[in-house]
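Enquirer: Encoded as structure tokens, here's the structure I'll be asking about.
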Amino acid sequence: MQTLFTIGVLVVVAAVAAAIWWRSQRKAAASRENHWFKAFAAERGGTFGSGMPSFGVFHPTGRPLTGAPDDPWVEFRLGDRPVLGIDTRESYRHFDDHVYFRDLHVTQVRVPPGPELRIVPGRPVSMPTLPPDSALDAEVARWLAANPRFGQREVVVENGSARTWGPGCATRQSLTTEAQYLADLADHLPPALWRVSGGAS
């Protein structure tokens with residue numbers, strides 16, 4: 001009798017968990033369907049969450065884009081540059097040791113291939129794929145000191161993409177402003193950066 005009761009409880013718990021998961025999936029799908037990216041893509045002649053974006057990665061950590069992101073995304077052009085905007089969520093562990101999620105948006109523009117470059121406000125520029133004493137590393141550091149406006153946002157340039165991100169969902173203003181910032185950054189970076197392969201100095 002005890003065994004049947006235990007099995008019954010487990011079945012009920014599994015059914016409730018499955019129902020919660022199914023509801024969250026349906027809600028996420030409905031959210032993607034009604035996302036403002038759809039209208040934005042239509043206005044800009046872009047693509048909204050259909051198939052694969054033509055370039056880029058979809059998360060600040062730099063995980064490669066191996067499939068279309070599950071999150072709402074839009075690709076459009078800013079001048080001659082493709083731009084990718086993604087609304088996603090990141091997990092974090094709260095002080096009570098529970099994992100929570102917060103909204104995050106990512107903006108990327110296509111750039112020429114080059115070595116990895118990381119800009120973090122208040123820190124020296126980092127180029128992890130080059131030796132620390134690389135002449136290019138020093139040149140980019142001098143360039144950033146002479147152009148401090150490009151050191152105000154956290155930016156990663158890698159895999160043919162320059163990307164930045166911020167808290168909260170993307171808005172029309174944030175997406176276009178961040179895309180313009182990244183395009184300006186790419187246009188002003190030292191030309192030597194684009195002449196170096198990702199793994200050599």
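Residues are referred to by chain and number: the chain letter is A, B, ... according to the order shown in the structure tokens, the number counts from 1 in that chain, and ligands are numbered separately from 1 in the order shown.
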I'd like the neighbourhood of A:Arg153 as a list of chain:residue names, where a residue qualifies if any of its atoms comes within 7 Å (using only C-alpha atoms), though same-chain residues fewer than 2 positions away should be ignored.
Expert: A:Val120, A:Pro121, A:Gly151, A:Val155
Enquirer: Could you turn the residues from that selection into a file that holds N, CA, C and O atoms, as a PDB file, in the first residue's frame?
Expert:
```
ATOM      1  N   VAL A 120      36.754  46.457 -21.233  1.00  0.00           N
ATOM      2  CA  VAL A 120      35.952  46.545 -20.011  1.00  0.00           C
ATOM      3  C   VAL A 120      36.245  47.903 -19.385  1.00  0.00           C
ATOM      4  O   VAL A 120      37.414  48.232 -19.161  1.00  0.00           O
ATOM      5  N   PRO A 121      35.216  48.722 -19.128  1.00  0.00           N
ATOM      6  CA  PRO A 121      35.467  50.052 -18.551  1.00  0.00           C
ATOM      7  C   PRO A 121      36.333  49.965 -17.295  1.00  0.00           C
ATOM      8  O   PRO A 121      36.113  49.113 -16.434  1.00  0.00           O
ATOM      9  N   GLY A 151      35.774  53.319 -24.508  1.00  0.00           N
ATOM     10  CA  GLY A 151      36.030  52.478 -23.343  1.00  0.00           C
ATOM     11  C   GLY A 151      34.914  52.552 -22.324  1.00  0.00           C
ATOM     12  O   GLY A 151      35.084  52.137 -21.179  1.00  0.00           O
ATOM     13  N   VAL A 155      32.651  45.556 -24.238  1.00  0.00           N
ATOM     14  CA  VAL A 155      32.532  45.117 -25.631  1.00  0.00           C
ATOM     15  C   VAL A 155      33.478  43.943 -25.844  1.00  0.00           C
ATOM     16  O   VAL A 155      34.598  43.933 -25.329  1.00  0.00           O
TER      17      VAL A 155
END
```
Enquirer: Contacts of A:His188 at 12 Å or less, counting only C-alpha atoms, minus same-chain residues fewer than 2 places along, as a ChimeraX atom specification?
Expert: /A:111,140,143-144,146-150,181-186,190-194
Enquirer: Next, the residues of the selection above should be written as a PDB file, in the first residue's frame with N, CA and C atoms.
Expert:
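As written to disk, part.pdb reads:
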```
ATOM      1  N   VAL A 111      31.883  42.468 -38.087  1.00  0.00           N
ATOM      2  CA  VAL A 111      33.168  43.146 -38.295  1.00  0.00           C
ATOM      3  C   VAL A 111      34.085  42.177 -39.039  1.00  0.00           C
ATOM      4  N   VAL A 140      46.574  48.890 -29.585  1.00  0.00           N
ATOM      5  CA  VAL A 140      45.149  49.031 -29.267  1.00  0.00           C
ATOM      6  C   VAL A 140      44.972  49.746 -27.922  1.00  0.00           C
ATOM      7  N   TRP A 143      45.498  53.350 -28.584  1.00  0.00           N
ATOM      8  CA  TRP A 143      44.334  53.859 -29.304  1.00  0.00           C
ATOM      9  C   TRP A 143      43.172  54.117 -28.343  1.00  0.00           C
ATOM     10  N   LEU A 144      42.935  53.177 -27.429  1.00  0.00           N
ATOM     11  CA  LEU A 144      41.826  53.331 -26.485  1.00  0.00           C
ATOM     12  C   LEU A 144      42.065  54.520 -25.555  1.00  0.00           C
ATOM     13  N   ALA A 146      43.600  57.199 -26.348  1.00  0.00           N
ATOM     14  CA  ALA A 146      43.364  58.403 -27.151  1.00  0.00           C
ATOM     15  C   ALA A 146      41.893  58.559 -27.542  1.00  0.00           C
ATOM     16  N   ASN A 147      41.111  57.513 -27.404  1.00  0.00           N
ATOM     17  CA  ASN A 147      39.682  57.529 -27.756  1.00  0.00           C
ATOM     18  C   ASN A 147      38.849  56.993 -26.591  1.00  0.00           C
ATOM     19  N   PRO A 148      38.830  57.706 -25.473  1.00  0.00           N
ATOM     20  CA  PRO A 148      38.198  57.159 -24.268  1.00  0.00           C
ATOM     21  C   PRO A 148      36.700  56.882 -24.396  1.00  0.00           C
ATOM     22  N   ARG A 149      36.030  57.506 -25.362  1.00  0.00           N
ATOM     23  CA  ARG A 149      34.585  57.253 -25.496  1.00  0.00           C
ATOM     24  C   ARG A 149      34.299  55.806 -25.849  1.00  0.00           C
ATOM     25  N   PHE A 150      35.284  55.102 -26.450  1.00  0.00           N
ATOM     26  CA  PHE A 150      35.075  53.710 -26.799  1.00  0.00           C
ATOM     27  C   PHE A 150      35.401  52.759 -25.640  1.00  0.00           C
ATOM     28  N   TYR A 181      26.990  52.539 -31.843  1.00  0.00           N
ATOM     29  CA  TYR A 181      28.215  52.585 -31.037  1.00  0.00           C
ATOM     30  C   TYR A 181      29.211  51.525 -31.523  1.00  0.00           C
ATOM     31  N   LEU A 182      28.722  50.294 -31.734  1.00  0.00           N
ATOM     32  CA  LEU A 182      29.596  49.213 -32.175  1.00  0.00           C
ATOM     33  C   LEU A 182      30.123  49.459 -33.585  1.00  0.00           C
ATOM     34  N   ALA A 183      29.278  49.997 -34.466  1.00  0.00           N
ATOM     35  CA  ALA A 183      29.722  50.303 -35.829  1.00  0.00           C
ATOM     36  C   ALA A 183      30.795  51.388 -35.806  1.00  0.00           C
ATOM     37  N   ASP A 184      30.603  52.425 -34.986  1.00  0.00           N
ATOM     38  CA  ASP A 184      31.617  53.483 -34.851  1.00  0.00           C
ATOM     39  C   ASP A 184      32.917  52.914 -34.295  1.00  0.00           C
ATOM     40  N   LEU A 185      32.805  52.045 -33.292  1.00  0.00           N
ATOM     41  CA  LEU A 185      33.987  51.411 -32.712  1.00  0.00           C
ATOM     42  C   LEU A 185      34.751  50.637 -33.783  1.00  0.00           C
ATOM     43  N   ALA A 186      34.029  49.819 -34.553  1.00  0.00           N
ATOM     44  CA  ALA A 186      34.681  49.015 -35.590  1.00  0.00           C
ATOM     45  C   ALA A 186      35.338  49.891 -36.645  1.00  0.00           C
ATOM     46  N   PRO A 190      42.162  50.492 -34.724  1.00  0.00           N
ATOM     47  CA  PRO A 190      43.359  50.532 -35.584  1.00  0.00           C
ATOM     48  C   PRO A 190      43.248  49.523 -36.721  1.00  0.00           C
ATOM     49  N   PRO A 191      43.521  49.945 -37.959  1.00  0.00           N
ATOM     50  CA  PRO A 191      43.415  49.021 -39.109  1.00  0.00           C
ATOM     51  C   PRO A 191      44.273  47.767 -38.947  1.00  0.00           C
ATOM     52  N   ALA A 192      45.357  47.874 -38.169  1.00  0.00           N
ATOM     53  CA  ALA A 192      46.237  46.710 -37.967  1.00  0.00           C
ATOM     54  C   ALA A 192      45.489  45.550 -37.332  1.00  0.00           C
ATOM     55  N   LEU A 193      44.429  45.839 -36.589  1.00  0.00           N
ATOM     56  CA  LEU A 193      43.666  44.781 -35.922  1.00  0.00           C
ATOM     57  C   LEU A 193      43.084  43.809 -36.933  1.00  0.00           C
ATOM     58  N   TRP A 194      42.595  44.330 -38.043  1.00  0.00           N
ATOM     59  CA  TRP A 194      41.938  43.472 -39.025  1.00  0.00           C
ATOM     60  C   TRP A 194      42.929  42.753 -39.917  1.00  0.00           C
TER      61      TRP A 194
END
```
Enquirer: Between A:Arg102, A:Arg172, A:Arg110, A:Arg77, single out the one closest to A:His35, counting only C-alpha atoms.
Expert: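 Closest to A:His35 of all the choices is A:Arg172.
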Enquirer: Atom CA of A:Pro72 and atom CA of A:Phe48 are how many Å apart?
Expert: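 Those two atoms sit 7.7 Å apart.
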